[in-house]
file entry-v9.tsv (TSV, C-alpha atoms and all ligand atoms)
chain	number	residue	atom	x	y	z
N	14	MET	CA	100.07	-125.71	14.55
N	15	THR	CA	100.07	-127.52	17.87
N	16	THR	CA	97.64	-130.19	19.05
N	17	ALA	CA	95.22	-127.93	20.91
N	18	THR	CA	92.55	-129.79	22.82
N	19	CYS	CA	89.12	-129.92	21.25
N	20	PRO	CA	85.88	-131.70	22.05
N	21	LEU	CA	85.72	-135.36	21.17
N	22	THR	CA	82.71	-136.57	19.22
N	23	PRO	CA	81.12	-140.04	19.08
N	24	GLU	CA	83.46	-140.74	16.15
N	25	ASP	CA	86.37	-140.42	18.59
N	26	GLN	CA	85.21	-143.20	20.88
N	27	ILE	CA	88.01	-145.74	21.11
N	28	PRO	CA	86.58	-149.00	19.68
N	29	PRO	CA	86.55	-151.92	22.13
N	30	TYR	CA	88.87	-154.05	19.98
N	31	VAL	CA	91.75	-151.57	20.49
N	32	ALA	CA	90.77	-150.14	23.88
N	33	ASP	CA	93.55	-151.99	25.70
N	34	ASP	CA	96.22	-150.66	23.30
N	35	ILE	CA	95.40	-146.94	23.15
N	36	SER	CA	96.23	-144.52	25.96
N	37	GLU	CA	94.49	-141.42	24.55
N	38	VAL	CA	93.10	-139.70	21.47
N	39	LEU	CA	95.70	-137.05	20.59
N	40	ILE	CA	93.91	-135.39	17.64
N	41	SER	CA	90.19	-135.87	17.15
N	42	SER	CA	88.57	-136.66	13.85
N	43	ALA	CA	86.90	-133.23	13.69
N	44	ARG	CA	90.19	-131.45	14.39
N	45	ILE	CA	91.91	-133.40	11.62
N	46	GLN	CA	89.16	-132.54	9.14
N	47	LYS	CA	89.22	-128.85	10.07
N	48	ARG	CA	92.97	-128.64	9.61
N	49	VAL	CA	92.90	-130.62	6.35
N	50	HIS	CA	90.38	-128.13	4.96
N	51	GLU	CA	92.60	-125.22	6.00
N	52	LEU	CA	95.54	-126.86	4.23
N	53	GLY	CA	93.41	-127.54	1.15
N	54	ALA	CA	92.37	-123.89	1.01
N	55	ALA	CA	95.97	-122.67	1.32
N	56	ILE	CA	97.16	-125.08	-1.38
N	57	SER	CA	94.31	-124.05	-3.68
N	58	ARG	CA	95.29	-120.39	-3.28
N	59	ASP	CA	99.02	-120.97	-3.75
N	60	TYR	CA	98.73	-123.23	-6.80
N	61	ALA	CA	95.93	-121.44	-8.65
N	62	GLY	CA	96.66	-121.46	-12.39
N	63	LYS	CA	99.47	-124.04	-12.04
N	64	ASP	CA	99.69	-127.67	-13.15
N	65	LEU	CA	99.54	-129.23	-9.65
N	66	LEU	CA	100.51	-132.85	-9.08
N	67	MET	CA	100.17	-134.25	-5.57
N	68	VAL	CA	102.48	-137.19	-4.87
N	69	GLY	CA	102.26	-139.55	-1.90
N	70	VAL	CA	104.14	-142.57	-0.59
N	71	LEU	CA	102.06	-145.57	0.37
N	72	ARG	CA	100.72	-146.61	2.72
N	73	GLY	CA	100.39	-144.23	5.66
N	74	VAL	CA	99.34	-141.25	3.53
N	75	LEU	CA	96.18	-143.02	2.34
N	76	PHE	CA	93.51	-141.10	4.29
N	77	PHE	CA	95.34	-137.78	4.44
N	78	MET	CA	95.78	-137.76	0.68
N	79	ALA	CA	92.15	-138.73	0.08
N	80	ASP	CA	90.80	-135.98	2.35
N	81	LEU	CA	93.31	-133.34	1.23
N	82	LEU	CA	92.52	-133.96	-2.45
N	83	ARG	CA	88.84	-133.38	-1.75
N	84	ALA	CA	89.66	-130.18	0.13
N	85	VAL	CA	91.56	-128.77	-2.86
N	86	THR	CA	89.35	-126.60	-5.08
N	87	ILE	CA	91.58	-126.28	-8.16
N	88	PRO	CA	92.47	-128.85	-10.87
N	89	VAL	CA	94.89	-131.41	-9.44
N	90	SER	CA	96.43	-134.77	-10.42
N	91	VAL	CA	97.58	-137.48	-8.03
N	92	ASP	CA	100.26	-140.14	-8.15
N	93	PHE	CA	101.80	-142.57	-5.67
N	94	MET	CA	105.09	-144.30	-4.99
N	95	ALA	CA	105.87	-147.20	-2.69
N	96	ILE	CA	109.17	-147.80	-0.96
N	97	SER	CA	110.91	-150.33	1.20
N	98	ARG	CA	113.77	-149.68	3.57
N	99	TYR	CA	117.08	-151.51	3.58
N	100	GLY	CA	117.59	-151.49	7.35
N	101	PRO	CA	118.38	-149.45	10.42
N	102	SER	CA	122.20	-149.49	10.20
N	103	GLU	CA	124.16	-146.24	9.95
N	104	ARG	CA	125.22	-147.04	6.39
N	105	THR	CA	121.71	-147.67	5.12
N	106	ARG	CA	119.80	-145.20	7.28
N	107	GLY	CA	117.50	-143.16	5.08
N	108	VAL	CA	118.28	-145.23	2.01
N	109	VAL	CA	115.10	-146.53	0.48
N	110	ARG	CA	114.29	-148.68	-2.52
N	111	PHE	CA	111.42	-147.66	-4.78
N	112	VAL	CA	109.18	-150.70	-5.16
N	113	LYS	CA	106.61	-148.70	-7.12
N	114	ASP	CA	107.62	-145.60	-9.03
N	115	LEU	CA	105.41	-142.74	-10.20
N	116	GLU	CA	103.23	-143.42	-13.22
N	117	GLU	CA	103.65	-139.90	-14.56
N	118	PRO	CA	106.71	-137.83	-15.52
N	119	ILE	CA	107.11	-134.78	-13.27
N	120	GLU	CA	109.43	-132.66	-15.41
N	121	GLY	CA	108.15	-129.10	-15.58
N	122	ARG	CA	105.25	-129.81	-13.23
N	123	HIS	CA	104.46	-128.29	-9.84
N	124	VAL	CA	104.83	-131.22	-7.45
N	125	LEU	CA	103.45	-131.18	-3.91
N	126	PHE	CA	104.80	-134.11	-1.95
N	127	VAL	CA	102.30	-135.26	0.68
N	128	GLU	CA	103.42	-137.21	3.77
N	129	ASP	CA	101.57	-138.52	6.81
N	130	ILE	CA	104.40	-138.08	9.31
N	131	ILE	CA	107.99	-136.89	9.49
N	132	ASP	CA	110.24	-138.17	12.27
N	133	THR	CA	113.96	-138.13	11.49
N	134	GLY	CA	113.31	-136.79	7.99
N	135	PHE	CA	115.59	-139.39	6.38
N	136	THR	CA	112.85	-140.97	4.25
N	137	LEU	CA	111.58	-137.66	2.96
N	138	GLY	CA	115.10	-136.33	2.39
N	139	TYR	CA	115.98	-139.34	0.25
N	140	ILE	CA	112.79	-139.21	-1.79
N	141	LEU	CA	113.03	-135.44	-2.41
N	142	LYS	CA	116.61	-135.83	-3.61
N	143	ASN	CA	115.41	-138.42	-6.12
N	144	LEU	CA	112.45	-136.32	-7.29
N	145	ARG	CA	114.69	-133.24	-7.82
N	146	THR	CA	116.72	-135.16	-10.39
N	147	ARG	CA	113.54	-135.36	-12.50
N	148	HIS	CA	113.41	-131.55	-12.83
N	149	PRO	CA	109.95	-130.57	-11.57
N	150	ALA	CA	109.03	-126.89	-11.99
N	151	SER	CA	108.70	-126.77	-8.20
N	152	LEU	CA	108.77	-129.27	-5.34
N	153	GLN	CA	107.14	-128.55	-1.98
N	154	VAL	CA	106.13	-130.67	1.02
N	155	CYS	CA	102.82	-130.98	2.86
N	156	VAL	CA	102.91	-133.10	6.03
N	157	LEU	CA	100.09	-133.91	8.41
N	158	LEU	CA	102.16	-134.72	11.51
N	159	ASP	CA	105.56	-133.30	12.29
N	160	LYS	CA	107.82	-134.40	15.15
N	161	PRO	CA	110.49	-131.69	14.88
N	162	ARG	CA	112.33	-132.84	18.00
N	163	LEU	CA	113.28	-136.09	16.24
N	164	ARG	CA	114.55	-134.36	13.08
N	165	LEU	CA	118.07	-135.33	12.05
N	166	ILE	CA	118.23	-133.53	8.70
N	167	ASP	CA	117.11	-130.07	7.57
N	168	LEU	CA	113.90	-130.02	5.59
N	169	ASP	CA	111.80	-127.19	4.24
N	170	ILE	CA	108.13	-127.90	5.05
N	171	ALA	CA	105.71	-125.63	3.16
N	172	TYR	CA	102.48	-126.98	4.73
N	173	GLN	CA	102.26	-128.59	8.17
N	174	GLY	CA	99.12	-130.01	9.77
N	175	PHE	CA	100.13	-130.50	13.37
N	176	GLU	CA	103.32	-130.44	15.37
N	177	ILE	CA	103.23	-133.36	17.80
N	178	PRO	CA	105.39	-134.55	20.70
N	179	ASP	CA	107.63	-137.60	20.47
N	180	ARG	CA	104.98	-140.23	21.14
N	181	PHE	CA	104.07	-143.34	19.16
N	182	VAL	CA	100.95	-142.39	17.25
N	183	VAL	CA	98.59	-144.53	15.18
N	184	GLY	CA	95.33	-144.05	13.31
N	185	TYR	CA	94.18	-142.06	10.28
N	186	GLY	CA	96.53	-144.14	8.12
N	187	LEU	CA	99.37	-144.59	10.61
N	188	ASP	CA	100.11	-148.10	11.78
N	189	TYR	CA	101.98	-150.28	14.18
N	190	ARG	CA	102.72	-153.61	12.50
N	191	GLN	CA	100.03	-152.76	9.91
N	192	ARG	CA	97.29	-152.36	12.53
N	193	TYR	CA	95.30	-149.30	13.70
N	194	ARG	CA	95.37	-147.52	10.31
N	195	ASN	CA	91.55	-147.52	10.16
N	196	LEU	CA	91.00	-145.47	13.32
N	197	PRO	CA	89.43	-142.12	12.29
N	198	PHE	CA	91.52	-140.14	14.83
N	199	ILE	CA	95.21	-139.90	15.79
N	200	ALA	CA	95.83	-141.85	18.97
N	201	VAL	CA	98.76	-142.58	21.27
N	202	LEU	CA	99.78	-146.22	21.49
N	203	LYS	CA	100.58	-147.55	24.95
N	204	PRO	CA	104.33	-148.21	25.27
N	205	GLU	CA	103.74	-151.80	26.41
N	206	VAL	CA	102.21	-152.57	23.00
N	207	TYR	CA	105.31	-151.74	20.97
N	208	ALA	CA	107.82	-152.66	23.69
N	209	SER	CA	106.57	-156.25	23.86
K	301	LIG	C1	106.47	-143.40	7.88
K	301	LIG	C2	106.13	-142.14	7.08
K	301	LIG	C3	107.44	-141.76	6.47
K	301	LIG	C4	108.45	-142.23	7.50
K	301	LIG	C5	108.94	-141.08	8.31
K	301	LIG	O1	106.40	-144.52	7.05
K	301	LIG	O2	105.14	-142.39	6.10
K	301	LIG	O3	107.64	-142.38	5.21
K	301	LIG	O4	107.80	-143.19	8.34
K	301	LIG	O5	110.04	-141.45	9.11
K	301	LIG	P1	111.43	-140.67	9.04
K	301	LIG	O6	111.14	-139.21	8.98
K	301	LIG	O7	112.13	-141.06	10.33
K	301	LIG	O8	112.19	-141.15	7.84
K	301	LIG	P2	106.26	-146.00	7.61
K	301	LIG	O9	107.60	-146.64	7.68
K	301	LIG	O10	105.50	-146.00	8.90
K	301	LIG	O11	105.45	-146.74	6.45
K	301	LIG	P3	103.90	-146.61	6.04
K	301	LIG	O12	103.75	-145.31	5.31
K	301	LIG	O13	103.64	-147.79	5.16
K	301	LIG	O14	103.08	-146.66	7.31
call {"tool": "encode", "arguments": {"input": "entry-v9.tsv", "output": "structure tokens", "more": "lines below"}}
Ligand code: PRP
result
Amino acid sequence: MTTATCPLTPEDQIPPYVADDISEVLISSARIQKRVHELGAAISRDYAGKDLLMVGVLRGVLFFMADLLRAVTIPVSVDFMAISRYGPSERTRGVVRFVKDLEEPIEGRHVLFVEDIIDTGFTLGYILKNLRTRHPASLQVCVLLDKPRLRLIDLDIAYQGFEIPDRFVVGYGLDYRQRYRNLPFIAVLKPEVYAS
């Protein structure tokens, strides 16, 4: 799905404390909620009668996971992992360290991995490889924002919220230097903010 324009509501007003940093609202709060409910309905249909476990990586997935869980109308469990990256060099690119592992075993369970955004795909590729070694009954991916033009590895995405252009986006969980996560919409950050 692309980022079709839709009316902005009062909730999409850019708050004064970030007004100088944001160039535009890319996806309104209402549009996010509508799409999340469509995804929740599709997931509920596809996983009916199965032991569904939704897994997310902290922290960007926070709001998407919370809203998606509430849009799912079948029994579902949730678990989280946290990672840190080694660095941007060629040798370590895509290699992550798990700083918090899952609480629950996933063997024999139907795992839906939920991500806020996929750029290169390295992070997701690494995590999926790890999860496959734990022998889930199935392993699929649900991502809110996809930047396919930046993709460097092949990934199979079962559920996609929005395809977006290669712009620096924040809000609805996504950050720049840990800020902007609490904006209720997806916004484009002005280049001078992250170039400085
Ligand atoms: C984001 C996102 C993915 C990763 C995608 O995490 O949650 O994990 O970047 O990038 P890739 O496809 O190029 O590997 P981020 O580093 O922003 O951490 P956060 O979830 O704590 O915000």
call {"tool": "atom_distance", "arguments": {"input": "entry-v9.tsv", "atom1": "CA of Phe76 in chain N", "atom2": "CA of Asp169 in chain N"}}
result
23.0 Å
call {"tool": "closest_residue", "arguments": {"input": "entry-v9.tsv", "among": "N:Asp179, N:Asp59, N:Glu120, N:Glu51", "to": "Arg83 in chain N", "atoms": "only C-alpha atoms"}}
result
N:Glu51
call {"tool": "closest_atom_pairs", "arguments": {"input": "entry-v9.tsv", "of": "chain N", "to": "ligand LIG 301 (chain K)", "cutoff": "10 Å", "atoms": "all atoms listed in the file", "output": "CSV"}}
result
residue,atom,partner,partner_atom,distance
N:Gly69,CA,K:LIG301,O2,9.0
N:Val70,CA,K:LIG301,O12,6.5
N:Leu71,CA,K:LIG301,O12,5.2
N:Arg72,CA,K:LIG301,O13,4.0
N:Gly73,CA,K:LIG301,O12,3.5
N:Val74,CA,K:LIG301,O12,6.3
N:Leu75,CA,K:LIG301,O12,8.4
N:Ala95,CA,K:LIG301,O13,8.2
N:Ile96,CA,K:LIG301,O13,8.2
N:Ser97,CA,K:LIG301,O9,8.2
N:Arg98,CA,K:LIG301,O9,8.0
N:Arg106,CA,K:LIG301,O8,8.6
N:Gly107,CA,K:LIG301,O8,6.3
N:Val108,CA,K:LIG301,O8,9.4
N:Val109,CA,K:LIG301,O8,9.6
N:Val127,CA,K:LIG301,O2,9.4
N:Glu128,CA,K:LIG301,O2,5.9
N:Asp129,CA,K:LIG301,O2,5.3
N:Ile130,CA,K:LIG301,C2,4.9
N:Ile131,CA,K:LIG301,O6,3.9
N:Asp132,CA,K:LIG301,O6,3.6
N:Thr133,CA,K:LIG301,O7,3.6
N:Gly134,CA,K:LIG301,O6,3.4
N:Phe135,CA,K:LIG301,O8,4.1
N:Thr136,CA,K:LIG301,O8,3.7
N:Leu137,CA,K:LIG301,O8,6.0
N:Gly138,CA,K:LIG301,O8,7.8
N:Tyr139,CA,K:LIG301,O8,8.7
N:Ile140,CA,K:LIG301,O3,9.3
N:Val156,CA,K:LIG301,O2,9.6
N:Leu158,CA,K:LIG301,C2,9.5
N:Asp159,CA,K:LIG301,O6,8.8
N:Lys160,CA,K:LIG301,O6,8.5
N:Pro161,CA,K:LIG301,O6,9.6
N:Leu163,CA,K:LIG301,O7,7.8
N:Arg164,CA,K:LIG301,O6,7.2
N:Leu165,CA,K:LIG301,O7,8.4
N:Ile166,CA,K:LIG301,O6,9.1
N:Val183,CA,K:LIG301,O14,9.3
N:Gly186,CA,K:LIG301,O14,7.1
N:Leu187,CA,K:LIG301,O14,5.4
N:Asp188,CA,K:LIG301,O14,5.6
N:Tyr189,CA,K:LIG301,O10,7.7
N:Arg190,CA,K:LIG301,O14,8.7
N:Gln191,CA,K:LIG301,O14,7.3
N:Arg192,CA,K:LIG301,O14,9.7
N:Arg194,CA,K:LIG301,O14,8.3
call {"tool": "write_last_selection", "arguments": {"input": "entry-v9.tsv", "atoms": "C-alpha atoms", "output": "compact mmCIF listing (two decimals), in the coordinates of the input"}}
result
# COMPACT_ATOMS: atom_id res chain seq x y z
CA GLY N 69 102.26 -139.55 -1.90
CA VAL N 70 104.14 -142.57 -0.59
CA LEU N 71 102.06 -145.57 0.37
CA ARG N 72 100.72 -146.61 2.72
CA GLY N 73 100.39 -144.23 5.66
CA VAL N 74 99.34 -141.25 3.53
CA LEU N 75 96.18 -143.02 2.34
CA ALA N 95 105.87 -147.20 -2.69
CA ILE N 96 109.17 -147.80 -0.96
CA SER N 97 110.91 -150.33 1.20
CA ARG N 98 113.77 -149.68 3.57
CA ARG N 106 119.80 -145.20 7.28
CA GLY N 107 117.50 -143.16 5.08
CA VAL N 108 118.28 -145.23 2.01
CA VAL N 109 115.10 -146.53 0.48
CA VAL N 127 102.30 -135.26 0.68
CA GLU N 128 103.42 -137.21 3.77
CA ASP N 129 101.57 -138.52 6.81
CA ILE N 130 104.40 -138.08 9.31
CA ILE N 131 107.99 -136.89 9.49
CA ASP N 132 110.24 -138.17 12.27
CA THR N 133 113.96 -138.13 11.49
CA GLY N 134 113.31 -136.79 7.99
CA PHE N 135 115.59 -139.39 6.38
CA THR N 136 112.85 -140.97 4.25
CA LEU N 137 111.58 -137.66 2.96
CA GLY N 138 115.10 -136.33 2.39
CA TYR N 139 115.98 -139.34 0.25
CA ILE N 140 112.79 -139.21 -1.79
CA VAL N 156 102.91 -133.10 6.03
CA LEU N 158 102.16 -134.72 11.51
CA ASP N 159 105.56 -133.30 12.29
CA LYS N 160 107.82 -134.40 15.15
CA PRO N 161 110.49 -131.69 14.88
CA LEU N 163 113.28 -136.09 16.24
CA ARG N 164 114.55 -134.36 13.08
CA LEU N 165 118.07 -135.33 12.05
CA ILE N 166 118.23 -133.53 8.70
CA VAL N 183 98.59 -144.53 15.18
CA GLY N 186 96.53 -144.14 8.12
CA LEU N 187 99.37 -144.59 10.61
CA ASP N 188 100.11 -148.10 11.78
CA TYR N 189 101.98 -150.28 14.18
CA ARG N 190 102.72 -153.61 12.50
CA GLN N 191 100.03 -152.76 9.91
CA ARG N 192 97.29 -152.36 12.53
CA ARG N 194 95.37 -147.52 10.31
call {"tool": "atom_distance", "arguments": {"input": "entry-v9.tsv", "atom1": "CA of Leu82 in chain N", "atom2": "CA of Val201 in chain N"}}
result
26.0 Å
call {"tool": "atom_distance", "arguments": {"input": "entry-v9.tsv", "atom1": "CA of Arg58 in chain N", "atom2": "CA of Ala84 in chain N"}}
result
11.8 Å
call {"tool": "closest_residue", "arguments": {"input": "entry-v9.tsv", "among": "N:Thr22, N:Ile40, N:His50, N:His123", "to": "Gly62 in chain N", "atoms": "all atoms listed in the file"}}
result
N:His123
call {"tool": "decode", "arguments": {"input": "entry-v9.tsv", "residues": "range 139-151 of chain N", "atoms": "N, CA and C atoms", "output": "compact mmCIF listing (two decimals), in the first residue's frame"}}
result
# COMPACT_ATOMS: atom_id res chain seq x y z
N TYR N 139 18.93 -10.87 9.99
CA TYR N 139 19.73 -11.50 11.05
C TYR N 139 18.82 -12.11 12.11
N ILE N 140 17.80 -11.36 12.51
CA ILE N 140 16.91 -11.85 13.57
C ILE N 140 16.13 -13.08 13.10
N LEU N 141 15.64 -13.04 11.86
CA LEU N 141 14.85 -14.18 11.35
C LEU N 141 15.70 -15.44 11.29
N LYS N 142 16.97 -15.26 10.89
CA LYS N 142 17.87 -16.41 10.82
C LYS N 142 18.00 -17.05 12.21
N ASN N 143 18.13 -16.20 13.21
CA ASN N 143 18.23 -16.70 14.58
C ASN N 143 16.94 -17.41 15.01
N LEU N 144 15.80 -16.78 14.72
CA LEU N 144 14.53 -17.37 15.16
C LEU N 144 14.26 -18.71 14.48
N ARG N 145 14.71 -18.85 13.21
CA ARG N 145 14.48 -20.12 12.49
C ARG N 145 15.18 -21.29 13.17
N THR N 146 16.31 -21.00 13.81
CA THR N 146 17.05 -22.10 14.48
C THR N 146 16.28 -22.64 15.67
N ARG N 147 15.22 -21.92 16.09
CA ARG N 147 14.44 -22.36 17.26
C ARG N 147 13.20 -23.17 16.85
N HIS N 148 13.10 -23.44 15.54
CA HIS N 148 12.07 -24.32 14.98
C HIS N 148 10.62 -23.92 15.28
N PRO N 149 10.23 -22.70 14.93
CA PRO N 149 8.80 -22.35 15.03
C PRO N 149 8.01 -23.14 13.99
N ALA N 150 6.71 -23.32 14.23
CA ALA N 150 5.86 -24.01 13.24
C ALA N 150 5.79 -23.18 11.96
N SER N 151 5.76 -21.85 12.12
CA SER N 151 5.82 -20.94 10.97
C SER N 151 6.41 -19.62 11.46
